$ cat entry.cif   # mmCIF, C-alpha atoms
data_work
loop_
_atom_site.label_atom_id
_atom_site.label_comp_id
_atom_site.auth_asym_id
_atom_site.auth_seq_id
_atom_site.Cartn_x
_atom_site.Cartn_y
_atom_site.Cartn_z
CA MET Z 246 -21.31 -40.67 -166.75
CA GLN Z 247 -17.53 -40.44 -166.74
CA PHE Z 248 -15.45 -37.26 -166.78
CA LEU Z 249 -11.72 -37.07 -167.44
CA VAL Z 250 -9.96 -34.05 -165.94
CA ALA Z 251 -6.54 -33.47 -167.52
CA SER Z 252 -5.53 -29.93 -166.67
CA ASP Z 253 -2.14 -28.24 -166.64
CA SER Z 254 -1.21 -25.85 -163.85
CA PHE Z 255 -2.59 -22.33 -163.60
CA LYS Z 256 0.72 -20.49 -163.40
CA ASP Z 257 1.46 -18.72 -160.10
CA ALA Z 258 -1.88 -19.90 -158.71
CA LEU Z 259 -2.50 -23.67 -158.73
CA THR Z 260 -0.55 -26.81 -159.53
CA ALA Z 261 -1.99 -29.13 -162.15
CA TYR Z 262 -3.20 -31.48 -159.42
CA LYS Z 263 -4.99 -28.71 -157.50
CA ALA Z 264 -6.56 -27.43 -160.73
CA CYS Z 265 -7.87 -30.94 -161.43
CA VAL Z 266 -9.27 -31.15 -157.88
CA ALA Z 267 -11.07 -27.81 -158.32
CA ILE Z 268 -12.66 -29.02 -161.56
CA GLU Z 269 -13.69 -32.27 -159.89
CA LYS Z 270 -15.40 -30.31 -157.10
CA GLY Z 271 -17.37 -28.37 -159.71
CA ILE Z 272 -18.39 -31.56 -161.49
CA ARG Z 273 -19.65 -33.13 -158.26
CA HIS Z 274 -21.84 -30.11 -157.51
CA VAL Z 275 -23.85 -30.97 -160.64
CA TYR Z 276 -23.20 -34.70 -161.03
CA PRO Z 277 -22.47 -36.00 -157.51
CA HIS Z 278 -22.41 -39.64 -158.59
CA ALA Z 279 -20.33 -39.24 -161.75
CA GLU Z 280 -17.05 -41.08 -162.17
CA VAL Z 281 -14.23 -38.52 -162.28
CA ILE Z 282 -10.74 -39.55 -163.38
CA LYS Z 283 -8.00 -37.00 -162.64
CA LYS Z 284 -4.85 -36.96 -164.76
CA PRO Z 285 -2.77 -33.85 -163.85
CA MET Z 286 -0.76 -32.90 -166.90
CA ALA Z 287 2.15 -30.74 -168.04
CA ASP Z 288 3.96 -30.09 -171.30
CA GLY Z 289 7.62 -29.95 -170.34
CA GLY Z 290 7.45 -26.48 -168.87
CA GLU Z 291 7.61 -25.43 -165.25
CA GLY Z 292 5.28 -27.57 -163.15
CA THR Z 293 6.20 -30.78 -164.91
CA LEU Z 294 8.02 -32.04 -161.84
CA ASP Z 295 4.89 -31.50 -159.76
CA VAL Z 296 3.10 -33.96 -162.03
CA ILE Z 297 5.96 -36.46 -161.82
CA ALA Z 298 5.68 -36.26 -158.04
CA THR Z 299 2.24 -37.91 -158.26
CA PHE Z 300 3.68 -41.01 -159.96
CA GLU Z 301 4.41 -44.20 -158.08
CA ASN Z 302 7.97 -45.47 -157.64
CA THR Z 303 9.54 -42.01 -157.54
CA GLU Z 304 12.34 -40.90 -155.26
CA SER Z 305 12.62 -37.19 -154.51
CA LEU Z 306 16.08 -35.72 -154.00
CA VAL Z 307 16.89 -32.22 -152.79
CA VAL Z 308 20.46 -31.15 -153.54
CA HIS Z 309 22.69 -28.11 -153.36
CA THR Z 310 23.09 -26.30 -156.66
CA VAL Z 311 23.05 -22.71 -158.00
CA ASP Z 312 20.46 -20.44 -159.60
CA PRO Z 313 20.80 -18.87 -163.09
CA LEU Z 314 23.15 -16.21 -161.70
CA GLY Z 315 25.31 -18.69 -159.80
CA ARG Z 316 23.93 -18.11 -156.30
CA PRO Z 317 23.61 -21.13 -154.00
CA ILE Z 318 20.14 -22.70 -153.80
CA ARG Z 319 18.60 -26.09 -153.12
CA ALA Z 320 16.59 -27.78 -155.86
CA THR Z 321 14.61 -30.98 -156.30
CA TYR Z 322 14.72 -33.68 -158.95
CA PHE Z 323 13.25 -37.17 -159.13
CA ILE Z 324 14.56 -40.63 -159.86
CA LEU Z 325 11.91 -42.85 -161.43
CA ASN Z 326 11.94 -46.60 -160.87
CA GLN Z 327 15.54 -46.33 -159.58
CA LYS Z 328 16.88 -45.93 -163.11
CA GLU Z 329 15.83 -42.64 -164.73
CA ALA Z 330 16.36 -39.08 -163.51
CA PHE Z 331 13.66 -36.55 -164.25
CA ILE Z 332 15.00 -33.01 -164.01
CA GLU Z 333 13.05 -29.81 -164.56
CA LEU Z 334 15.37 -27.12 -165.86
CA ALA Z 335 13.25 -24.39 -164.27
CA ARG Z 336 14.08 -25.68 -160.78
CA ALA Z 337 17.70 -24.49 -161.01
CA SER Z 338 17.80 -22.37 -164.19
CA GLY Z 339 14.30 -20.96 -164.28
CA LEU Z 340 12.99 -17.46 -164.84
CA GLU Z 341 10.90 -17.54 -161.67
CA LEU Z 342 14.06 -17.85 -159.56
CA LEU Z 343 14.97 -14.27 -160.46
CA LEU Z 344 13.47 -10.90 -159.63
CA ALA Z 345 12.32 -8.94 -162.67
CA SER Z 346 15.27 -6.58 -162.20
CA GLU Z 347 17.72 -9.52 -162.22
CA ARG Z 348 16.61 -11.09 -165.48
CA ASN Z 349 19.34 -10.83 -168.08
CA PRO Z 350 20.07 -13.68 -170.54
CA LEU Z 351 23.51 -12.20 -171.23
CA LEU Z 352 24.48 -13.24 -167.69
CA THR Z 353 22.39 -16.30 -166.88
CA SER Z 354 23.56 -19.90 -167.22
CA THR Z 355 22.25 -23.47 -167.07
CA PHE Z 356 25.15 -24.51 -164.80
CA GLY Z 357 22.79 -25.24 -161.91
CA THR Z 358 20.83 -27.75 -163.97
CA GLY Z 359 24.07 -29.46 -164.87
CA LYS Z 360 24.84 -29.86 -161.18
CA LEU Z 361 21.54 -31.68 -160.70
CA MET Z 362 22.42 -33.99 -163.57
CA SER Z 363 25.87 -34.61 -162.10
CA ASP Z 364 24.32 -35.58 -158.78
CA ALA Z 365 22.12 -38.17 -160.51
CA PHE Z 366 25.08 -39.42 -162.56
CA GLU Z 367 27.11 -39.95 -159.40
CA LYS Z 368 24.23 -42.07 -158.07
CA GLY Z 369 24.55 -44.37 -161.07
CA ILE Z 370 21.81 -42.92 -163.26
CA ARG Z 371 22.47 -43.16 -167.01
CA LYS Z 372 19.08 -42.15 -168.39
CA PHE Z 373 17.84 -38.59 -168.10
CA THR Z 374 14.61 -36.84 -168.98
CA LEU Z 375 15.03 -33.09 -168.95
CA ALA Z 376 11.95 -30.83 -169.00
CA ILE Z 377 13.21 -27.54 -170.39
CA GLY Z 378 10.36 -25.02 -170.20
CA GLY Z 379 10.50 -21.85 -168.13
CA SER Z 380 14.20 -21.13 -168.48
CA ALA Z 381 15.94 -17.83 -167.72
CA THR Z 382 18.82 -18.70 -170.03
CA ASN Z 383 20.09 -18.29 -173.57
CA ASP Z 384 23.38 -20.20 -173.34
CA MET Z 385 22.72 -23.23 -175.60
CA GLY Z 386 23.30 -25.52 -172.65
CA SER Z 387 26.93 -24.48 -172.30
CA GLY Z 388 26.59 -23.95 -168.56
CA LEU Z 389 25.07 -27.39 -168.19
CA LEU Z 390 27.95 -28.90 -170.16
CA GLN Z 391 30.47 -27.06 -168.00
CA ALA Z 392 28.91 -28.56 -164.87
CA ILE Z 393 29.47 -32.11 -166.14
CA GLY Z 394 33.11 -31.51 -167.08
CA PHE Z 395 33.38 -29.65 -170.40
CA ARG Z 396 35.77 -26.70 -170.51
CA PHE Z 397 35.48 -23.66 -172.78
CA PHE Z 398 38.34 -21.49 -174.06
CA ASP Z 399 38.70 -18.22 -175.97
CA LYS Z 400 41.24 -17.44 -178.68
CA LYS Z 401 43.81 -16.46 -176.04
CA HIS Z 402 43.45 -19.92 -174.46
CA GLN Z 403 41.75 -18.42 -171.42
CA GLU Z 404 39.05 -20.60 -169.84
CA LEU Z 405 35.54 -19.14 -169.71
CA SER Z 406 32.49 -19.76 -167.59
CA PRO Z 407 29.96 -19.63 -170.42
CA ASN Z 408 26.72 -17.68 -170.46
CA GLY Z 409 24.59 -16.05 -173.13
CA GLY Z 410 26.81 -12.99 -173.21
CA ASN Z 411 30.14 -14.65 -173.95
CA LEU Z 412 29.31 -17.51 -176.32
CA ASN Z 413 30.87 -15.43 -179.09
CA ARG Z 414 34.26 -15.69 -177.33
CA ILE Z 415 34.37 -19.48 -177.29
CA VAL Z 416 36.63 -21.02 -179.93
CA ARG Z 417 37.55 -24.35 -178.36
CA ILE Z 418 35.87 -26.97 -176.17
CA ASP Z 419 37.83 -29.52 -174.14
CA ASP Z 420 36.12 -32.71 -172.94
CA SER Z 421 39.17 -34.39 -171.37
CA ALA Z 422 37.64 -34.02 -167.88
CA VAL Z 423 34.28 -35.53 -168.89
CA HIS Z 424 33.70 -39.00 -167.43
CA PRO Z 425 33.52 -41.54 -170.30
CA ASP Z 426 30.23 -42.93 -169.01
CA TRP Z 427 28.49 -39.68 -169.88
CA TYR Z 428 28.76 -40.77 -173.51
CA LEU Z 429 26.78 -43.91 -172.68
CA CYS Z 430 23.87 -41.92 -171.28
CA GLU Z 431 20.48 -41.41 -172.91
CA PHE Z 432 18.87 -37.99 -172.87
CA ASN Z 433 15.19 -37.37 -173.48
CA ILE Z 434 14.34 -33.69 -173.74
CA ALA Z 435 10.72 -32.86 -172.98
CA CYS Z 436 9.95 -29.67 -174.86
CA ASP Z 437 6.83 -27.49 -174.88
CA VAL Z 438 7.60 -25.47 -178.05
CA ASN Z 439 8.90 -26.15 -181.57
CA ASN Z 440 11.02 -23.07 -182.34
CA PRO Z 441 14.36 -23.39 -184.16
CA LEU Z 442 17.54 -21.96 -182.66
CA LEU Z 443 18.05 -18.93 -184.90
CA GLY Z 444 15.98 -16.36 -186.75
CA GLU Z 445 12.78 -14.43 -186.19
CA ASN Z 446 11.08 -17.44 -184.60
CA GLY Z 447 14.21 -18.63 -182.83
CA ALA Z 448 15.30 -18.76 -179.21
CA THR Z 449 16.40 -15.15 -178.85
CA HIS Z 450 13.73 -13.25 -180.76
CA THR Z 451 10.84 -15.32 -179.42
CA TYR Z 452 11.81 -15.60 -175.77
CA GLY Z 453 14.68 -13.20 -175.12
CA LYS Z 454 12.56 -10.20 -174.19
CA GLN Z 455 10.61 -12.06 -171.49
CA LYS Z 456 13.95 -13.22 -170.09
CA GLY Z 457 15.01 -9.60 -169.65
CA ALA Z 458 16.88 -8.79 -172.87
CA SER Z 459 16.88 -5.24 -174.22
CA PRO Z 460 16.68 -4.64 -178.02
CA SER Z 461 20.47 -4.26 -178.21
CA ALA Z 462 20.95 -7.38 -176.09
CA LEU Z 463 18.70 -9.36 -178.43
CA LYS Z 464 21.01 -8.57 -181.34
CA LYS Z 465 24.07 -9.58 -179.36
CA LEU Z 466 22.47 -12.79 -178.14
CA GLU Z 467 21.48 -13.79 -181.67
CA ARG Z 468 25.01 -13.19 -182.94
CA ASN Z 469 26.43 -15.17 -180.02
CA LEU Z 470 24.15 -18.13 -180.69
CA ALA Z 471 25.12 -18.14 -184.35
CA HIS Z 472 28.82 -18.08 -183.48
CA PHE Z 473 28.57 -20.86 -180.91
CA ALA Z 474 26.46 -22.94 -183.29
CA GLU Z 475 29.33 -22.78 -185.81
CA VAL Z 476 31.78 -23.94 -183.13
CA LEU Z 477 29.53 -26.87 -182.27
CA GLN Z 478 29.09 -27.79 -185.92
CA THR Z 479 32.85 -28.14 -186.30
CA ILE Z 480 32.59 -30.82 -183.60
CA ASN Z 481 29.43 -32.48 -184.96
CA SER Z 482 28.98 -31.83 -188.66
CA LYS Z 483 25.53 -33.48 -188.65
CA LEU Z 484 24.14 -30.98 -186.15
CA ASP Z 485 21.09 -29.14 -187.53
CA VAL Z 486 20.61 -26.11 -185.31
CA GLN Z 487 17.34 -25.21 -187.03
CA GLN Z 488 15.66 -28.45 -186.01
CA PRO Z 489 12.20 -27.73 -184.52
CA GLY Z 490 12.47 -27.48 -180.74
CA PHE Z 491 16.16 -26.55 -180.71
CA GLY Z 492 15.21 -22.99 -179.81
CA ALA Z 493 13.60 -24.02 -176.53
CA ALA Z 494 15.32 -22.94 -173.31
CA GLY Z 495 17.89 -20.88 -175.18
CA GLY Z 496 19.11 -23.83 -177.23
CA VAL Z 497 19.82 -26.36 -174.49
CA ALA Z 498 19.13 -29.28 -176.83
CA VAL Z 499 21.71 -27.99 -179.31
CA GLY Z 500 24.56 -28.17 -176.80
CA LEU Z 501 23.58 -31.63 -175.57
CA SER Z 502 22.99 -33.01 -179.08
CA THR Z 503 26.49 -32.02 -180.12
CA PHE Z 504 28.02 -34.62 -177.82
CA PHE Z 505 25.33 -37.06 -176.70
CA LYS Z 506 22.48 -39.25 -177.86
CA VAL Z 507 19.47 -36.98 -177.50
CA GLN Z 508 15.82 -37.53 -178.31
CA LEU Z 509 13.69 -34.40 -178.47
CA GLN Z 510 10.09 -35.15 -177.55
CA SER Z 511 6.91 -33.27 -176.90
CA GLY Z 512 6.75 -32.78 -173.16
CA PHE Z 513 3.04 -33.42 -173.30
CA ALA Z 514 3.54 -36.65 -175.25
CA CYS Z 515 6.04 -37.92 -172.65
CA LEU Z 516 3.62 -37.42 -169.77
CA ALA Z 517 0.59 -38.59 -171.73
CA ASN Z 518 2.36 -41.85 -172.43
CA TRP Z 519 3.42 -42.31 -168.80
CA VAL Z 520 -0.10 -41.78 -167.43
CA ASP Z 521 -1.84 -43.67 -170.28
CA LEU Z 522 -3.93 -40.60 -171.05
CA GLU Z 523 -5.37 -41.92 -174.30
CA SER Z 524 -6.90 -44.92 -172.58
CA ALA Z 525 -8.61 -42.59 -170.09
CA ILE Z 526 -9.87 -40.36 -172.91
CA ARG Z 527 -11.26 -43.35 -174.75
CA LYS Z 528 -13.41 -44.27 -171.74
CA ALA Z 529 -14.57 -40.74 -170.89
CA ASP Z 530 -17.81 -39.09 -171.91
CA TYR Z 531 -16.45 -35.57 -171.42
CA VAL Z 532 -12.93 -34.19 -171.08
CA PHE Z 533 -11.90 -31.11 -169.11
CA THR Z 534 -8.52 -29.46 -169.60
CA GLY Z 535 -7.02 -26.03 -169.03
CA GLU Z 536 -4.16 -23.76 -168.03
CA GLY Z 537 -3.58 -20.15 -167.06
CA SER Z 538 -3.47 -18.62 -170.53
CA ILE Z 539 -4.92 -19.86 -173.83
CA ASP Z 540 -3.96 -18.26 -177.14
CA ALA Z 541 -2.52 -19.14 -180.56
CA GLN Z 542 0.74 -20.28 -178.92
CA THR Z 543 -1.20 -23.08 -177.24
CA LEU Z 544 -1.14 -24.87 -180.60
CA ALA Z 545 2.67 -25.13 -180.38
CA GLY Z 546 2.42 -28.15 -178.07
CA LYS Z 547 0.82 -26.95 -174.86
CA THR Z 548 -1.26 -29.29 -172.73
CA PRO Z 549 -4.78 -28.22 -173.81
CA PHE Z 550 -3.84 -28.68 -177.46
CA GLY Z 551 -2.36 -32.11 -176.79
CA VAL Z 552 -5.42 -33.23 -174.83
CA ALA Z 553 -7.76 -31.93 -177.54
CA GLN Z 554 -5.85 -33.64 -180.34
CA MET Z 555 -6.02 -36.95 -178.51
CA ALA Z 556 -9.72 -36.50 -177.69
CA LYS Z 557 -10.52 -35.60 -181.30
CA LYS Z 558 -9.32 -39.04 -182.40
CA HIS Z 559 -12.04 -40.57 -180.23
CA ASN Z 560 -14.74 -37.97 -180.91
CA LYS Z 561 -14.84 -36.77 -177.31
CA PRO Z 562 -15.99 -33.22 -176.39
CA VAL Z 563 -13.31 -31.08 -174.72
CA ILE Z 564 -14.04 -28.19 -172.37
CA CYS Z 565 -11.06 -25.91 -171.79
CA LEU Z 566 -10.84 -23.56 -168.79
CA CYS Z 567 -8.35 -20.70 -168.52
CA GLY Z 568 -7.63 -17.47 -166.72
CA ARG Z 569 -6.97 -15.52 -169.91
CA LYS Z 570 -8.18 -15.96 -173.49
CA GLY Z 571 -5.53 -14.38 -175.71
CA LYS Z 572 -5.30 -13.59 -179.39
CA GLY Z 573 -5.97 -16.54 -181.66
CA TYR Z 574 -7.45 -18.88 -179.05
CA GLN Z 575 -10.33 -19.61 -181.49
CA LYS Z 576 -7.92 -21.69 -183.61
CA LEU Z 577 -8.24 -24.43 -181.01
CA TYR Z 578 -11.79 -25.02 -182.22
CA ASN Z 579 -10.32 -26.57 -185.36
CA HIS Z 580 -8.17 -28.95 -183.32
CA GLY Z 581 -10.56 -30.75 -181.02
CA VAL Z 582 -11.58 -28.14 -178.44
CA THR Z 583 -15.35 -27.85 -178.08
CA ALA Z 584 -15.39 -24.64 -176.03
CA VAL Z 585 -13.02 -22.33 -174.13
CA PHE Z 586 -14.17 -20.59 -170.94
CA SER Z 587 -12.37 -17.89 -169.00
CA ILE Z 588 -12.85 -18.38 -165.27
CA LEU Z 589 -12.81 -14.65 -164.43
CA ASP Z 590 -16.12 -13.30 -163.18
CA GLU Z 591 -15.27 -9.61 -162.75
CA VAL Z 592 -12.75 -6.95 -163.66
CA THR Z 593 -10.02 -7.33 -161.06
CA SER Z 594 -6.28 -7.18 -160.50
CA LEU Z 595 -4.09 -10.15 -161.34
CA ASP Z 596 -3.08 -10.55 -157.69
CA LYS Z 597 -6.71 -10.84 -156.58
CA ALA Z 598 -7.56 -13.21 -159.42
CA LEU Z 599 -4.67 -15.50 -158.50
CA LEU Z 600 -5.93 -15.73 -154.92
CA ARG Z 601 -9.36 -16.82 -156.15
CA THR Z 602 -8.28 -19.23 -158.90
CA GLU Z 603 -9.45 -22.41 -157.18
CA GLU Z 604 -12.87 -20.92 -156.39
CA LEU Z 605 -13.21 -19.52 -159.93
CA ILE Z 606 -12.34 -22.84 -161.59
CA GLU Z 607 -14.91 -24.67 -159.47
CA ASP Z 608 -17.61 -22.07 -160.13
CA THR Z 609 -16.98 -22.01 -163.89
CA THR Z 610 -17.14 -25.80 -164.02
CA ILE Z 611 -20.50 -25.72 -162.28
CA ASN Z 612 -21.90 -23.22 -164.78
CA VAL Z 613 -20.60 -25.17 -167.76
CA LEU Z 614 -22.11 -28.40 -166.52
CA ARG Z 615 -25.47 -26.82 -165.78
CA LEU Z 616 -25.64 -26.26 -169.52
CA LEU Z 617 -24.69 -29.87 -170.01
CA THR Z 618 -27.85 -30.89 -168.16
CA LEU Z 619 -29.77 -29.31 -171.03
CA ASN Z 620 -27.92 -31.56 -173.51
CA THR Z 621 -26.64 -28.53 -175.39
CA PHE Z 622 -23.26 -30.14 -176.15
CA ARG Z 623 -24.65 -32.99 -178.25
#
$ encode --input "entry.cif" --output "structure tokens"
Amino acid sequence: MQFLVASDSFKDALTAYKACVAIEKGIRHVYPHAEVIKKPMADGGEGTLDVIATFENTESLVVHTVDPLGRPIRATYFILNQKEAFIELARASGLELLLASERNPLLTSTFGTGKLMSDAFEKGIRKFTLAIGGSATNDMGSGLLQAIGFRFFDKKHQELSPNGGNLNRIVRIDDSAVHPDWYLCEFNIACDVNNPLLGENGATHTYGKQKGASPSALKKLERNLAHFAEVLQTINSKLDVQQPGFGAAGGVAVGLSTFFKVQLQSGFACLANWVDLESAIRKADYVFTGEGSIDAQTLAGKTPFGVAQMAKKHNKPVICLCGRKGKGYQKLYNHGVTAVFSILDEVTSLDKALLRTEELIEDTTINVLRLLTLNTFR
């Protein structure tokens, strides 16, 4: 019997790899001689770089940069096969870099991520994959662009350091300091959601509150995005700011797409292709997947949904483990998931649950597979 384990991370508790190991331990309690294939997965959000780190032919670089508020930090990115940089936006511009009291998308910027890109560019890299989940920003990538040489000016010809709060002041963008080779670069953006830039389902109204925006700040941020989008469209008349995925990470893809060749891809699809996930699914008898929280948003491109969709093509049963089952999780049953199991075994605090995540995943896997011995899945 062959099991495929393709789990995402359990946020704040386990990396994708450690979650896969915990599931494997549970499988071996019940089926000690089974073949278990582990494929740690991610969907373009935070934790994606941890999965990349398991690939062969990767070079890890730790460089000086800044956090979303401009404070000095060190952050990691990878160069794959000596020719492609893989950069996770959350490493320099992520929400988890800030205390809850510091979170404010009017002030935060993607400048630190741009510094990582500049470091790779200076090393001769001309192909970039940018995983954009988990951001603390709402600046449409303006900070990132500033870090690679773009300059932003208001109507009084004063230069600005852009952030979500002052996009409405920008009336002119100068690229005279941008190295010409930047325009020869390829950018793949690995995205874990499909929201447009503006509107009720856009960047601000969907994600602004969790990034620290008050109700009044949400209104200002939305107006600022709309203004800056108009400025960008005067530069690139073909720019469609409502393209699905352009609302991710506060509109980072919009800023990049204005000037460069950009391909927006499902973060899950990128990683699935790299690890040849479909081939592993095809050979498996049972598939395990999971992440910290499962709800209706999982259908927007999260790892368990991607795994289930791929498994459905090959008529493979999918068992999904999670810490929390949220509203609408049952919709996954129509998209390839056989069953969803919460790993929690008692009423407890989040802090205590996080400390026990590995144990709980292993124990839940054991209980699920004890049912499997009764052939109840088929």
$ closest_atom_pairs --input "entry.cif" --of "range 441-488 of chain Z" --to "range 333-349 of chain Z" --cutoff "6 Å" --atoms "only C-alpha atoms" --output "JSON lines"
{"residue": "Z:Lys456", "atom": "CA", "partner": "Z:Arg348", "partner_atom": "CA", "distance": 5.7}
{"residue": "Z:Gly457", "atom": "CA", "partner": "Z:Arg348", "partner_atom": "CA", "distance": 4.7}
{"residue": "Z:Ala458", "atom": "CA", "partner": "Z:Asn349", "partner_atom": "CA", "distance": 5.8}
$ closest_atom_pairs --input "entry.cif" --of "range 253-315 of chain Z" --to "range 429-436 of chain Z" --cutoff "10 Å" --atoms "only C-alpha atoms" --output "JSON lines"
{"residue": "Z:Asp288", "atom": "CA", "partner": "Z:Cys436", "partner_atom": "CA", "distance": 7.0}
{"residue": "Z:Gly289", "atom": "CA", "partner": "Z:Ala435", "partner_atom": "CA", "distance": 5.0}
{"residue": "Z:Gly290", "atom": "CA", "partner": "Z:Cys436", "partner_atom": "CA", "distance": 7.2}
{"residue": "Z:Thr293", "atom": "CA", "partner": "Z:Ala435", "partner_atom": "CA", "distance": 9.5}
$ atom_distance --input "entry.cif" --atom1 "CA of Leu501 in chain Z" --atom2 "CA of Thr260 in chain Z"
29.4 Å
$ resolve_selection --input "entry.cif" --expression "the PyMOL selection byres ((chain Z and resi 279) around 6)" --output "ChimeraX atom specification"
/Z:246-247,276-278,280
$ resolve_selection --input "entry.cif" --expression "the PyMOL selection byres ((chain Z and resi 422) around 12)" --output "VMD selection string"
chain Z and resid 390 to 397 418 to 421 423 to 427
$ residues_around --input "entry.cif" --residues "range 537-546 of chain Z" --least-positions-apart "2" --cutoff "6 Å" --atoms "all atoms listed in the file" --output "PyMOL selection string"
chain Z and resi 255-256+437-438+550+567-574
$ resolve_selection --input "entry.cif" --expression "the PyMOL selection byres ((chain Z and resi 515-522) around 8)" --output "PyMOL selection string"
chain Z and resi 284+286-288+435+510-514+523-526
